[in-house]
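Engineer: Got a structure here, written out as structure tokens. Questions coming.
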Amino acid sequence: MEEQERQQAEVQPEPELLYHYTDQNGLLGIIEKQEFWATDVRFLNDMEEFEAGLKIAVAMAEQAYSEFGEAGRIPVAYIESELRFSFSERPIFSISFAGPLKRKEALFASIDDPGDRLNMWRGYSWNGPAYSIGLSREGNTTDTEGVDLYLQECSYLKDTKEKYLTEILNGLGDVLNECIGKRIERVGNGTPIDDAVDEARGELRKGFSRILPDLKSQLAACKHEGFWEEREWRITVCPPQNDKRVFYKSGRFGITPRFPIRLRDSDGSLPITRIVVGPSPHITDSIESLNGFLKRNGYSHVQVSASKIPYRNW
């Protein structure tokens with residue numbers, strides 16, 4: 001029964017709003033600076049971040065390219081080595097959002113509010129009220145130049161991860177087929193074997209570089225099943241190597257690389273629709289001060305509400 005519930009949760013309809021949870025300093029910074037700070041995925045709270053997806057990708061590649069014999073070992077080794085190198089030299093940065101927990105179950109459907117999650121309040125309300133920022137998914141643009149943004153739901157089940165990765169790895173298989181065909185053709189036309197192999201490897205590298213951004217973003221969305229209840233969505237971005245916009249902040253897991261992302265609505269403002277104030281002993285005052293802050297910064301249209309969860313940590 002539990003497995004069936006998890007599979008149902010993997011086929012969620014895309015939610016209208018996604019919620020970013022943060023503390024007071026985070027909310028102030030987002031509104032005042034008009035930007036979100038994405039975090040290098042290697043510094044998130046999942047110790048197997050990236051590794052879980054990489055293992056599946058390598059296993060899938062080994063199976064897919066086994067028919068090529070010795071030649072099939074080249075892309076498998078290349079995928080693993082290049083992905084490890086790429087995540088180190090050109091990291092993926094991520095902003096986390098909460099989506100709906102369940103579908104088709106009356107109890108959970110009636111009480112689940114992605115903007116009012118107990119497990120998230122526990123994580124962010126250690127130093128005063130926490131907040132969840134509800135962002136519209138419709139019509140958003142970005143003024144972050146030179147990078148592509150990927151919005152996707154995280155995957156927690158092995159078969160779903162494989163489904164997400166299959167199309168990308170199939171694309172690399174097409175590149176491999178083409179490289180092998182050209183190598184055979186070149187050898188047949190008198191090109192020395194070593195030269196033909198070198199050219200094929202160069203073409204493989206170019207083909208791999210084309211699918212690398214999509215592959216990395218999918219790997220960054222592969223999570224351990226133990227994090228399933230978070231029902232996390234992510235915006236991921238892969239800035240150019242040595243991008244000067246990357247900055248560093250102190251964090252629980254060491255000095256943490258961050259990257260600014262400026263999401264914009266059609267009017268040029270942040271696409272914020274709703275903010276939920278987490279449990280607080282002074283909830284009325286917290287809501288009033290937040291409304292004043294939003295009005296001062298041009299966000300008086302944002303709906304502000306209080307958490308309905310009777311959680312107390314004071």
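Labels for the structure tokens follow display order: chains A, B, ..., residues from 1 in each chain, ligands from 1.
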Near region 282-298 of chain A, counting only C-alpha atoms, which residues have an atom at most 8 Å away, once you skip same-chain residues fewer than 4 positions from it, shown as a list in words?
Structural biologist: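 Those residues are Ile31, Glu32, Pro129, Val277, Val302, Val304, Ser305 and Ala306 of chain A.
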Engineer: Atoms to include: C-alpha atoms. Write the selected residues as a CSV table (one decimal), in the first residue's frame.
Structural biologist:
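Written file, selection_17.csv:
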chain,number,residue,atom,x,y,z
A,31,ILE,CA,12.3,41.2,-1.3
A,32,GLU,CA,14.9,43.9,-0.8
A,129,PRO,CA,9.0,33.0,12.6
A,277,VAL,CA,3.7,33.2,8.3
A,302,VAL,CA,0.5,39.7,-1.9
A,304,VAL,CA,-0.5,37.2,3.8
A,305,SER,CA,-1.9,34.4,6.0
A,306,ALA,CA,-1.0,32.6,9.2
Engineer: I'd like the contact shell of Arg42 (chain A) - 9 Å cut-off, only C-alpha atoms, skipping same-chain residues fewer than 3 positions apart - returned as a ChimeraX atom specification.
Structural biologist: /A:39,45-50,87,91-93,256
Engineer: List as number ranges by chain the protein and nucleic acid residues near Thr273 (chain A), meaning an atom at most 8 Å away when only C-alpha atoms are counted, but skip any in the same chain fewer than 2 places from it.
Structural biologist: A: 133-136, 271, 275, 301-303
Engineer: Grab the residues selected above and save them as an mmCIF file, in the first residue's frame with C-alpha atoms.
Structural biologist:
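Writing the result to out21.cif gives the following:
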data_model
loop_
_atom_site.group_PDB
_atom_site.id
_atom_site.type_symbol
_atom_site.label_atom_id
_atom_site.label_comp_id
_atom_site.auth_asym_id
_atom_site.auth_seq_id
_atom_site.Cartn_x
_atom_site.Cartn_y
_atom_site.Cartn_z
ATOM 1 C CA ILE A 133 6.736 32.353 -0.228
ATOM 2 C CA GLY A 134 4.181 31.250 -2.827
ATOM 3 C CA LEU A 135 5.262 31.905 -6.387
ATOM 4 C CA SER A 136 3.131 31.629 -9.497
ATOM 5 C CA PRO A 271 6.051 36.542 -9.075
ATOM 6 C CA ILE A 275 3.162 34.419 1.904
ATOM 7 C CA HIS A 301 -1.062 42.810 -3.496
ATOM 8 C CA VAL A 302 0.490 39.728 -1.897
ATOM 9 C CA GLN A 303 -1.921 37.703 0.267
#
Engineer: Between CA of Lys55 (chain A) and CA of Asp40 (chain A), what is the spacing in Å?
Structural biologist: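 Computed distance, CA of Asp40 (chain A) to CA of Lys55 (chain A), equals 19.6 Å.
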Engineer: With only C-alpha atoms as the counted atoms, please give the residues lying no more than 10 Å from Glu62 (chain A), apart from itself and same-chain residues fewer than 3 positions off, as a PDB file with N, CA and C atoms, in the first residue's frame.
Structural biologist:
ATOM      1  N   ILE A  56      22.418   5.576 -11.046  1.00  0.00           N
ATOM      2  CA  ILE A  56      21.378   5.091 -11.946  1.00  0.00           C
ATOM      3  C   ILE A  56      21.755   5.376 -13.400  1.00  0.00           C
ATOM      4  N   ALA A  57      22.274   6.578 -13.656  1.00  0.00           N
ATOM      5  CA  ALA A  57      22.654   6.943 -15.025  1.00  0.00           C
ATOM      6  C   ALA A  57      23.745   6.015 -15.555  1.00  0.00           C
ATOM      7  N   VAL A  58      24.736   5.707 -14.720  1.00  0.00           N
ATOM      8  CA  VAL A  58      25.828   4.829 -15.146  1.00  0.00           C
ATOM      9  C   VAL A  58      25.315   3.419 -15.402  1.00  0.00           C
ATOM     10  N   ALA A  59      24.448   2.909 -14.498  1.00  0.00           N
ATOM     11  CA  ALA A  59      23.890   1.569 -14.684  1.00  0.00           C
ATOM     12  C   ALA A  59      23.057   1.494 -15.957  1.00  0.00           C
ATOM     13  N   TYR A  65      24.499   0.456 -23.610  1.00  0.00           N
ATOM     14  CA  TYR A  65      25.611   0.433 -24.555  1.00  0.00           C
ATOM     15  C   TYR A  65      26.359  -0.906 -24.557  1.00  0.00           C
ATOM     16  N   SER A  66      25.810  -1.904 -23.837  1.00  0.00           N
ATOM     17  CA  SER A  66      26.478  -3.205 -23.786  1.00  0.00           C
ATOM     18  C   SER A  66      26.555  -3.860 -25.163  1.00  0.00           C
ATOM     19  N   GLU A  67      25.583  -3.562 -26.025  1.00  0.00           N
ATOM     20  CA  GLU A  67      25.573  -4.169 -27.356  1.00  0.00           C
ATOM     21  C   GLU A  67      26.728  -3.693 -28.232  1.00  0.00           C
ATOM     22  N   GLY A  72      31.311   0.290 -26.385  1.00  0.00           N
ATOM     23  CA  GLY A  72      30.299   0.762 -25.464  1.00  0.00           C
ATOM     24  C   GLY A  72      30.842   1.166 -24.110  1.00  0.00           C
ATOM     25  N   ARG A  73      32.052   0.707 -23.800  1.00  0.00           N
ATOM     26  CA  ARG A  73      32.641   1.079 -22.510  1.00  0.00           C
ATOM     27  C   ARG A  73      33.105   2.530 -22.506  1.00  0.00           C
ATOM     28  N   PRO A  75      31.623   5.420 -23.760  1.00  0.00           N
ATOM     29  CA  PRO A  75      30.675   6.420 -23.261  1.00  0.00           C
ATOM     30  C   PRO A  75      30.309   6.232 -21.800  1.00  0.00           C
ATOM     31  N   VAL A  76      30.303   4.971 -21.308  1.00  0.00           N
ATOM     32  CA  VAL A  76      29.978   4.733 -19.899  1.00  0.00           C
ATOM     33  C   VAL A  76      31.029   5.377 -19.000  1.00  0.00           C
ATOM     34  N   ALA A  77      32.288   5.089 -19.297  1.00  0.00           N
ATOM     35  CA  ALA A  77      33.374   5.688 -18.511  1.00  0.00           C
ATOM     36  C   ALA A  77      33.377   7.204 -18.669  1.00  0.00           C
TER      37      ALA A  77
END
Engineer: For Glu70 (chain A), which residue out of A:Leu219, A:Ile180, A:Pro310, A:Arg122 is the nearest one, using only C-alpha atoms?
Structural biologist: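 Selected residue with least distance to Glu70 (chain A): A:Ile180.
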Engineer: Could you list, as a PDB file with C-alpha atoms, in the first residue's frame, every residue within 8 Å of Gly99 (chain A), counting only C-alpha atoms and ignoring same-chain residues fewer than 5 positions away?
Structural biologist:
ATOM      1  CA  PRO A  15       0.791  22.804  -8.838  1.00  0.00           C
ATOM      2  CA  LEU A  17       1.874  27.774  -6.681  1.00  0.00           C
ATOM      3  CA  LEU A  18       5.227  26.555  -5.459  1.00  0.00           C
ATOM      4  CA  TYR A  19       6.437  27.570  -2.012  1.00  0.00           C
ATOM      5  CA  PRO A 114       2.237  23.154   0.336  1.00  0.00           C
ATOM      6  CA  GLU A 230       9.246  16.954   1.058  1.00  0.00           C
ATOM      7  CA  ARG A 231       7.661  16.588  -2.421  1.00  0.00           C
ATOM      8  CA  GLU A 232      10.295  19.014  -3.590  1.00  0.00           C
ATOM      9  CA  TRP A 233      10.369  20.994  -6.794  1.00  0.00           C
TER      10      TRP A 233
END
Engineer: At a cut-off of 9 Å, using only C-alpha atoms, what residues contact Arg245 (chain A)? Leave out same-chain residues fewer than 5 positions from it and give the result as a PyMOL selection string.
Structural biologist: chain A and resi 239+258-260
Engineer: Which distance in Å separates CA of Ser269 (chain A) and CA of Gly128 (chain A), to one decimal?
Structural biologist: 26.8 Å
Engineer: Using backbone DSSP assignments, extract all strand (DSSP E or B) residues from region 73-291 of chain A; output them as a PyMOL selection string.
Structural biologist: chain A and resi 93-98+126+128+131-136+141-142+149-153+155+222+232-237+247-249+256-261+263-264+272-277
Engineer: So which bits of region 257-309 of chain A end up alpha helix (DSSP H) when you DSSP the backbone, as a count of residues only?
Structural biologist: 14
